[in-house]
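Next up, input-v4.txt (compact mmCIF, C-alpha atoms):
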# COMPACT_ATOMS: atom_id res chain seq x y z
CA MET A 1 1.71 -29.88 59.81
CA LEU A 2 3.29 -30.26 56.41
CA GLY A 3 3.55 -33.74 54.99
CA PRO A 4 5.34 -35.25 52.02
CA VAL A 5 4.38 -34.23 48.54
CA SER A 6 2.62 -36.91 46.52
CA ASP A 7 3.65 -37.80 42.97
CA ASP A 8 0.41 -36.37 41.71
CA CYS A 9 1.37 -33.04 43.24
CA LEU A 10 4.67 -32.92 41.40
CA VAL A 11 3.21 -33.64 38.02
CA SER A 12 -0.17 -31.98 38.22
CA GLY A 13 -0.81 -28.77 36.32
CA GLY A 14 -1.14 -25.41 38.01
CA SER A 15 -3.65 -23.79 35.73
CA ARG A 16 -6.38 -23.95 38.38
CA ALA A 17 -4.16 -23.12 41.32
CA ARG A 18 -4.86 -19.42 41.72
CA GLY A 19 -6.58 -19.35 45.11
CA ARG A 20 -8.72 -22.43 44.39
CA ALA A 21 -7.67 -26.11 44.03
CA GLY A 22 -9.56 -28.35 41.67
CA ARG A 23 -9.44 -32.10 41.41
CA GLY A 24 -6.02 -33.40 40.58
CA ALA A 25 -4.44 -29.96 40.85
CA CYS A 26 -2.22 -28.36 43.45
CA ALA A 27 -2.65 -24.95 44.96
CA ARG A 28 0.69 -23.19 45.16
CA VAL A 29 0.97 -20.24 47.46
CA PRO A 30 4.10 -18.47 48.69
CA ALA A 31 4.99 -19.13 52.30
CA ARG A 32 4.76 -16.22 54.67
CA GLY A 33 7.05 -17.54 57.37
CA ARG A 34 10.70 -16.49 57.42
CA GLY A 35 13.76 -18.09 58.93
CA THR A 36 16.11 -16.63 61.47
CA ASP A 37 18.40 -15.28 58.78
CA GLY A 38 15.58 -13.31 57.16
CA SER A 39 15.13 -15.69 54.21
CA CYS A 40 11.93 -17.52 53.42
CA ALA A 41 11.72 -20.57 55.57
CA VAL A 42 9.31 -22.30 53.19
CA PRO A 43 9.52 -20.81 49.69
CA TYR A 44 6.46 -22.63 48.33
CA ILE A 45 3.56 -24.54 49.93
CA HIS A 46 1.55 -26.98 47.86
CA PHE A 47 -1.87 -28.38 48.68
CA CYS A 48 -2.91 -31.57 46.94
CA SER A 49 -6.63 -32.20 46.62
CA SER A 50 -5.94 -35.91 45.97
CA CYS A 51 -4.24 -36.57 49.28
CA SER A 52 -5.74 -33.64 51.18
CA SER A 53 -2.37 -32.60 52.58
CA TRP A 54 0.03 -29.67 52.52
CA ALA A 55 3.62 -30.00 51.51
CA ALA A 56 6.66 -27.68 51.23
CA ALA A 57 8.83 -27.35 48.14
CA ALA A 58 11.96 -25.34 47.35
CA GLY A 59 10.51 -24.02 44.12
CA PRO A 60 7.69 -24.38 41.60
CA PRO A 61 7.24 -27.78 40.00
CA ALA A 62 8.73 -28.25 36.55
CA ALA A 63 5.25 -28.39 35.10
CA GLN A 64 4.82 -24.71 35.99
CA ALA A 65 7.33 -23.49 33.41
CA PRO A 66 5.73 -20.77 31.29
CA TRP A 67 5.81 -22.90 28.16
CA ALA A 68 4.43 -26.05 29.81
CA ARG A 69 0.98 -24.90 30.86
CA GLY A 70 -1.75 -27.48 30.56
CA ARG A 71 -4.82 -28.98 32.14
CA GLY A 72 -4.70 -31.72 34.76
CA SER A 73 -1.67 -33.92 34.81
CA ARG A 74 -0.83 -33.49 31.12
CA ARG A 75 2.51 -32.00 30.34
CA ARG A 76 3.87 -30.81 27.09
CA PRO A 77 6.97 -32.62 26.00
CA GLU A 78 10.20 -30.99 26.94
CA MET A 79 11.58 -28.80 24.20
CA ARG A 80 15.14 -28.84 23.10
CA PRO A 81 17.23 -25.72 23.58
CA GLY A 82 16.91 -23.42 20.63
CA THR A 83 13.42 -24.64 19.69
CA PRO A 84 11.05 -21.69 19.31
CA ARG A 85 8.12 -21.46 21.61
CA PRO A 86 4.65 -22.10 20.20
CA GLY A 87 3.26 -19.06 18.38
CA LYS A 88 6.66 -17.42 17.88
CA PRO A 89 8.69 -17.50 14.66
CA HIS A 90 11.97 -19.28 14.56
CA PRO A 91 14.83 -16.86 15.16
CA ARG A 92 16.81 -16.26 11.99
CA LYS A 93 20.29 -15.04 11.58
CA ALA A 94 20.60 -11.42 10.55
CA PRO A 95 21.54 -11.12 6.88
CA VAL A 96 25.08 -10.07 6.18
CA PRO A 97 25.02 -6.56 4.68
CA ARG A 98 26.44 -6.36 1.20
CA PRO A 99 28.40 -3.34 0.04
CA ARG A 100 26.29 -1.17 -2.26
CA PRO A 101 27.75 0.53 -5.31
CA ALA A 102 28.06 4.29 -5.16
CA PRO A 103 25.13 6.21 -6.72
CA LEU A 104 25.60 7.24 -10.30
CA PHE A 105 25.61 10.93 -9.48
CA ARG A 106 28.42 10.35 -6.97
CA ARG A 107 30.45 8.27 -9.36
CA GLY A 108 30.10 10.97 -12.01
CA THR A 109 30.64 14.02 -9.77
CA MET A 110 34.38 13.73 -9.72
CA ALA A 111 34.57 13.30 -13.46
CA LEU A 112 32.34 16.33 -14.03
CA SER A 113 34.36 18.47 -11.66
CA GLU A 114 37.56 17.47 -13.38
CA VAL A 115 36.10 18.39 -16.74
CA ALA A 116 34.75 21.70 -15.45
CA ALA A 117 38.17 22.58 -14.08
CA GLY A 118 39.50 22.58 -17.60
CA ALA A 119 37.31 25.51 -18.76
CA GLY A 120 35.57 28.52 -17.33
CA PRO A 121 31.83 29.19 -17.32
CA LEU A 122 30.24 29.63 -20.72
CA ARG A 123 29.17 33.22 -21.28
CA TRP A 124 25.67 33.38 -22.72
CA PRO A 125 24.75 36.83 -24.13
CA ARG A 126 21.20 38.10 -23.74
CA VAL A 127 18.70 40.48 -25.26
CA LEU A 128 16.45 42.28 -22.78
CA LEU A 129 12.82 43.08 -23.65
CA PHE A 130 11.54 45.73 -21.24
CA GLY A 131 7.96 46.97 -21.46
CA ASP A 132 4.32 46.67 -20.45
CA SER A 133 1.69 43.99 -21.21
CA ILE A 134 2.46 43.99 -24.96
CA THR A 135 5.96 42.83 -24.01
CA GLN A 136 4.77 40.46 -21.30
CA PHE A 137 2.41 38.69 -23.73
CA SER A 138 5.09 38.51 -26.43
CA PHE A 139 6.19 35.03 -25.32
CA GLN A 140 2.77 33.55 -25.97
CA HIS A 141 2.23 31.31 -28.99
CA GLY A 142 2.93 33.37 -32.08
CA GLY A 143 4.26 36.31 -30.05
CA TRP A 144 6.98 38.59 -31.34
CA GLY A 145 9.23 37.86 -28.35
CA ALA A 146 8.96 34.11 -28.89
CA ALA A 147 9.83 34.58 -32.56
CA LEU A 148 12.87 36.62 -31.57
CA ALA A 149 14.01 33.96 -29.09
CA ASP A 150 13.62 31.27 -31.73
CA ARG A 151 15.67 33.28 -34.21
CA LEU A 152 18.50 33.78 -31.70
CA VAL A 153 18.61 30.29 -30.19
CA ARG A 154 22.18 29.14 -29.33
CA ARG A 155 23.46 32.66 -29.93
CA CYS A 156 21.92 34.52 -26.99
CA ASP A 157 19.03 34.37 -24.54
CA VAL A 158 15.99 36.61 -24.98
CA VAL A 159 14.83 37.74 -21.54
CA ASN A 160 11.22 38.91 -21.13
CA ARG A 161 10.79 41.65 -18.57
CA GLY A 162 7.31 42.82 -19.49
CA PHE A 163 5.00 44.06 -16.73
CA SER A 164 1.31 44.28 -17.52
CA GLY A 165 -0.25 47.64 -16.67
CA TYR A 166 3.06 49.40 -15.98
CA ASN A 167 3.96 52.89 -17.18
CA THR A 168 7.30 54.71 -17.51
CA ARG A 169 6.93 56.24 -14.02
CA TRP A 170 7.14 52.77 -12.50
CA ALA A 171 9.52 51.38 -15.12
CA LYS A 172 12.32 53.83 -14.34
CA ILE A 173 12.18 52.67 -10.71
CA ILE A 174 12.57 48.95 -11.41
CA LEU A 175 15.08 49.16 -14.28
CA PRO A 176 18.11 49.48 -11.94
CA ARG A 177 16.97 46.25 -10.32
CA LEU A 178 17.14 44.42 -13.65
CA ILE A 179 20.66 45.45 -14.66
CA LYS A 180 23.63 45.78 -12.33
CA VAL A 181 26.01 48.64 -13.00
CA GLY A 182 29.60 47.47 -13.47
CA ASP A 183 28.73 43.80 -14.02
CA SER A 184 29.99 42.96 -17.51
CA TRP A 185 28.42 39.50 -17.36
CA ASP A 186 25.00 41.05 -16.78
CA LYS A 187 25.25 43.57 -19.60
CA PRO A 188 22.74 42.88 -22.43
CA VAL A 189 23.83 43.09 -26.04
CA ALA A 190 20.52 44.79 -26.94
CA VAL A 191 17.56 46.28 -25.05
CA THR A 192 14.07 47.20 -26.22
CA ILE A 193 12.07 49.80 -24.25
CA PHE A 194 8.40 49.51 -25.15
CA PHE A 195 6.07 51.79 -23.14
CA GLY A 196 3.32 54.30 -23.87
CA ALA A 197 0.09 52.30 -24.13
CA ASN A 198 -0.62 52.90 -20.42
CA ASP A 199 1.05 56.29 -20.08
CA SER A 200 -1.36 57.63 -22.73
CA ALA A 201 -4.47 56.70 -20.72
CA LEU A 202 -6.81 59.64 -20.20
CA GLU A 203 -6.18 61.32 -16.87
CA GLU A 204 -9.86 61.88 -16.08
CA GLU A 205 -10.70 58.22 -16.71
CA ASN A 206 -7.56 56.41 -15.57
CA ARG A 207 -5.53 58.58 -13.23
CA LYS A 208 -3.42 55.72 -11.84
CA GLN A 209 -1.83 54.67 -15.14
CA HIS A 210 -1.78 58.10 -16.78
CA VAL A 211 1.59 59.84 -17.09
CA PRO A 212 1.79 63.41 -18.49
CA LEU A 213 3.40 63.67 -21.91
CA ALA A 214 6.44 65.68 -20.75
CA GLU A 215 7.11 63.25 -17.88
CA TYR A 216 6.77 60.31 -20.28
CA ALA A 217 9.49 61.74 -22.52
CA ALA A 218 11.74 62.50 -19.54
CA ASN A 219 11.31 58.97 -18.20
CA LEU A 220 12.32 57.43 -21.52
CA ALA A 221 15.41 59.62 -21.75
CA GLY A 222 16.33 58.79 -18.15
CA MET A 223 16.18 55.05 -18.80
CA VAL A 224 18.41 55.42 -21.86
CA ARG A 225 20.97 57.34 -19.79
CA PHE A 226 20.88 54.71 -17.05
CA LEU A 227 21.55 51.94 -19.56
CA ALA A 228 24.53 53.87 -20.87
CA SER A 229 25.92 54.13 -17.33
CA ALA A 230 25.42 50.37 -16.94
CA GLY A 231 27.50 49.64 -20.02
CA VAL A 232 24.75 49.42 -22.63
CA PRO A 233 25.48 52.15 -25.18
CA GLU A 234 22.72 54.08 -26.92
CA GLU A 235 23.25 52.27 -30.20
CA HIS A 236 22.28 49.00 -28.48
CA VAL A 237 18.91 50.38 -27.35
CA VAL A 238 15.71 50.32 -29.40
CA LEU A 239 12.73 52.44 -28.36
CA VAL A 240 9.35 51.08 -29.49
CA ALA A 241 6.44 53.52 -29.77
CA PRO A 242 2.94 52.25 -28.82
CA PRO A 243 0.68 50.88 -31.56
CA PRO A 244 -2.46 52.75 -32.62
CA LEU A 245 -5.68 52.28 -30.65
CA TRP A 246 -8.77 50.85 -32.35
CA GLU A 247 -11.34 52.74 -30.32
CA PRO A 248 -14.53 50.76 -31.19
CA ALA A 249 -13.04 47.47 -29.98
CA TRP A 250 -11.39 48.97 -26.91
CA GLU A 251 -14.57 50.78 -25.94
CA LYS A 252 -16.34 47.43 -25.80
CA GLU A 253 -13.64 46.16 -23.44
CA CYS A 254 -14.04 49.21 -21.22
CA THR A 255 -17.84 48.87 -21.16
CA ALA A 256 -17.55 45.21 -20.19
CA GLN A 257 -15.38 46.27 -17.24
CA GLY A 258 -17.90 48.90 -16.16
CA HIS A 259 -16.20 52.14 -17.15
CA LYS A 260 -15.97 54.57 -20.04
CA LEU A 261 -13.50 54.64 -22.89
CA ASN A 262 -10.19 55.59 -21.23
CA ARG A 263 -7.92 56.00 -24.26
CA LEU A 264 -8.02 57.84 -27.60
CA ASN A 265 -5.99 57.04 -30.69
CA ALA A 266 -5.09 60.70 -31.27
CA VAL A 267 -3.64 60.94 -27.75
CA VAL A 268 -1.65 57.75 -28.30
CA GLY A 269 -0.22 59.39 -31.42
CA ASP A 270 1.16 62.26 -29.31
CA TYR A 271 3.00 59.81 -27.07
CA ALA A 272 4.33 57.95 -30.09
CA SER A 273 5.70 61.21 -31.50
CA ALA A 274 7.35 61.98 -28.17
CA CYS A 275 9.00 58.54 -28.19
CA VAL A 276 10.41 59.17 -31.67
CA GLN A 277 11.76 62.56 -30.58
CA VAL A 278 13.50 61.08 -27.53
CA ALA A 279 15.16 58.44 -29.72
CA GLN A 280 16.49 61.11 -32.03
CA GLU A 281 17.84 63.18 -29.16
CA CYS A 282 19.44 60.21 -27.39
CA GLY A 283 20.85 58.56 -30.51
CA THR A 284 18.92 55.27 -30.29
CA ASP A 285 16.94 53.42 -32.91
CA VAL A 286 13.15 53.63 -32.78
CA LEU A 287 10.28 51.53 -34.09
CA ASP A 288 7.25 53.75 -34.63
CA LEU A 289 4.39 51.25 -34.64
CA TRP A 290 1.73 53.96 -34.47
CA THR A 291 2.83 55.37 -37.83
CA LEU A 292 3.73 52.11 -39.57
CA MET A 293 0.44 50.37 -38.80
CA GLN A 294 -1.58 53.29 -40.18
CA LYS A 295 0.57 53.85 -43.25
CA ASP A 296 -1.42 54.58 -46.42
CA ASN A 297 -4.62 54.67 -44.39
CA GLN A 298 -4.67 50.90 -44.11
CA ASP A 299 -7.09 49.07 -41.80
CA PHE A 300 -4.96 48.55 -38.70
CA SER A 301 -7.74 46.89 -36.69
CA THR A 302 -6.50 43.46 -37.83
CA TYR A 303 -3.23 44.10 -35.99
CA LEU A 304 -5.06 44.31 -32.65
CA SER A 305 -6.91 41.64 -30.69
CA ASP A 306 -9.01 43.86 -28.41
CA GLY A 307 -8.25 47.30 -29.80
CA LEU A 308 -5.12 47.73 -27.64
CA HIS A 309 -3.08 44.49 -27.56
CA LEU A 310 -1.56 42.81 -30.58
CA SER A 311 -3.25 40.03 -32.55
CA PRO A 312 -1.24 37.23 -34.19
CA LYS A 313 -0.98 39.40 -37.30
CA GLY A 314 0.16 42.34 -35.20
CA ASN A 315 2.85 40.23 -33.51
CA GLU A 316 4.10 39.13 -36.90
CA PHE A 317 4.11 42.74 -38.10
CA LEU A 318 6.11 43.92 -35.08
CA PHE A 319 8.68 41.13 -35.38
CA SER A 320 9.23 41.73 -39.09
CA HIS A 321 10.11 45.38 -38.40
CA LEU A 322 12.02 44.79 -35.16
CA TRP A 323 14.28 41.99 -36.36
CA PRO A 324 16.38 44.17 -38.73
CA LEU A 325 17.10 46.52 -35.81
CA ILE A 326 18.11 43.66 -33.50
CA GLU A 327 20.00 41.69 -36.12
CA LYS A 328 22.66 44.32 -36.69
CA ARG A 329 23.39 44.25 -32.94
CA VAL A 330 23.70 40.47 -32.65
CA SER A 331 25.04 39.54 -36.08
CA SER A 332 28.57 39.20 -34.70
CA LEU A 333 27.51 36.69 -32.06
CA PRO A 334 28.82 33.21 -32.91
CA LEU A 335 26.93 29.95 -32.58
CA LEU A 336 27.55 28.69 -29.06
CA LEU A 337 29.16 25.24 -28.93
CA PRO A 338 29.91 23.22 -32.06
CA TYR A 339 27.45 21.36 -34.24
CA TRP A 340 27.12 17.77 -33.07
CA LYS A 341 28.85 16.37 -36.15
CA GLU A 342 31.88 18.54 -35.37
CA VAL A 343 32.39 17.15 -31.83
CA ALA A 344 35.54 15.03 -31.59
CA GLU A 345 34.50 11.42 -31.05
CA ALA A 346 37.57 10.17 -29.18
CA LYS A 347 38.01 13.20 -26.91
CA PRO A 348 34.86 15.37 -26.97
CA GLU A 349 36.32 17.69 -24.34
CA LEU A 350 38.69 19.02 -26.98
CA SER A 351 35.65 20.37 -28.84
CA LEU A 352 33.45 21.30 -25.89
CA LEU A 353 35.86 23.03 -23.49
CA GLY A 354 36.86 25.90 -25.72
CA ASP A 355 35.36 29.35 -25.74
CA GLY A 356 32.15 27.96 -27.23
CA ASP A 357 32.42 30.19 -30.28
CA HIS A 358 31.61 28.38 -33.49
CA GLU A 359 30.31 29.61 -36.76

So that I can check it, write out the structure of this file as structure tokens.
Amino acid sequence: MLGPVSDDCLVSGGSRARGRAGRGACARVPARGRGTDGSCAVPYIHFCSSCSSWAAAAGPPAAQAPWARGRGSRRRPEMRPGTPRPGKPHPRKAPVPRPRPAPLFRRGTMALSEVAAGAGPLRWPRVLLFGDSITQFSFQHGGWGAALADRLVRRCDVVNRGFSGYNTRWAKIILPRLIKVGDSWDKPVAVTIFFGANDSALEEENRKQHVPLAEYAANLAGMVRFLASAGVPEEHVVLVAPPPLWEPAWEKECTAQGHKLNRLNAVVGDYASACVQVAQECGTDVLDLWTLMQKDNQDFSTYLSDGLHLSPKGNEFLFSHLWPLIEKRVSSLPLLLPYWKEVAEAKPELSLLGDGDHE
């Protein structure tokens, strides 16, 4: 029979009351009996080891609150509402978000678009260099292409379309992919076509790169005709004949690669002569490097780095002879955009939104 609950039961801790009751502690177990209405008749039953009696209670003692766990009859002091529980940080108010300024690029986008609306895109002319490895390497330090680009800075772009190892058979296939027919913006003001060093490879030693002499001439003429159909007239095209071959040096390169000498200077001369003949028939200018570098029986080996490609001296030689041919085609091009001292200080857009043509 259940008796009254002693004071010790109400204040004693419940840390030991999980199935076993220690001294001064109460064992609290849920009642299993139910009333007539289906509710628990005795919600909680407490056993006190001090008085050796059972008692009923409507709920757990106050000491059993989750934050008031302790040993024996000790209780932690009651905590005021809002006080953080032990081991947990004090709740802080969320900071009030401050409006952030717009990023610089957003603040300037509208201004840039307004300025751009006042003028069309700036047309930048270009010179196209089309050839094999001698053209591809021309943008290296001291190269003839780099020297040409430096000479024409702020007047036009010099575009390098050199492809190492290519011959005219492959070049005529890719040229239509470099220039669009009917696109006036894409039309170059000058084009150099510089092939022959690979076409002149001996057929028995290098069948893949070799192109027969007649086909080589036909390929050059076909590329000149295509450029004319794309809006680049013949007088804006310069054909460049291959340089002479220094056989002793190139033979060493071939031996190092495990094959025989695959080119001869006399054969290269035949291809150079064919290039000159095509230029005369098509009405284009031509730069005959094979003849110029051997003029007066001079030692042309210093113009070549490995017997085939140009040395720094050879690049300088090529540029000095090519520039007069290019200059007469670009001499009318103005300096793009004014010199910085000529820009209006109060309203720079008055100086910068014109056609860009300034001498």

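Coordinates place atom CA of Val153 of chain A at a distance of 27.9 Å from atom CA of Ser305 of chain A.
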
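Closest to Phe137 of chain A among A:Asn160, A:Ser301, A:Thr284, A:Ser200 is A:Asn160, based on all atoms listed in the file.
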
Minimum-distance residue to Leu336 of chain A, chosen among A:Val276, A:Leu310, A:Ala256, A:Leu353 (using all atoms listed in the file):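 Going through A:Val276, A:Leu310, A:Ala256, A:Leu353 one by one, the smallest distance to Leu336 of chain A is for A:Leu353.
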
Nearest residue to Ser311 of chain A out of A:Pro97, A:Pro212, A:Pro243, A:Gly165, using all atoms listed in the file? A:Pro243

Out of A:Leu292, A:Gly196, A:Ala279, A:Gly231, which residue has the shortest atom-to-atom distance to Ser320 of chain A when counting all atoms listed in the file? A:Leu292

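Coordinates place atom CA of Gln277 of chain A at a distance of 23.3 Å from atom CA of Phe300 of chain A.
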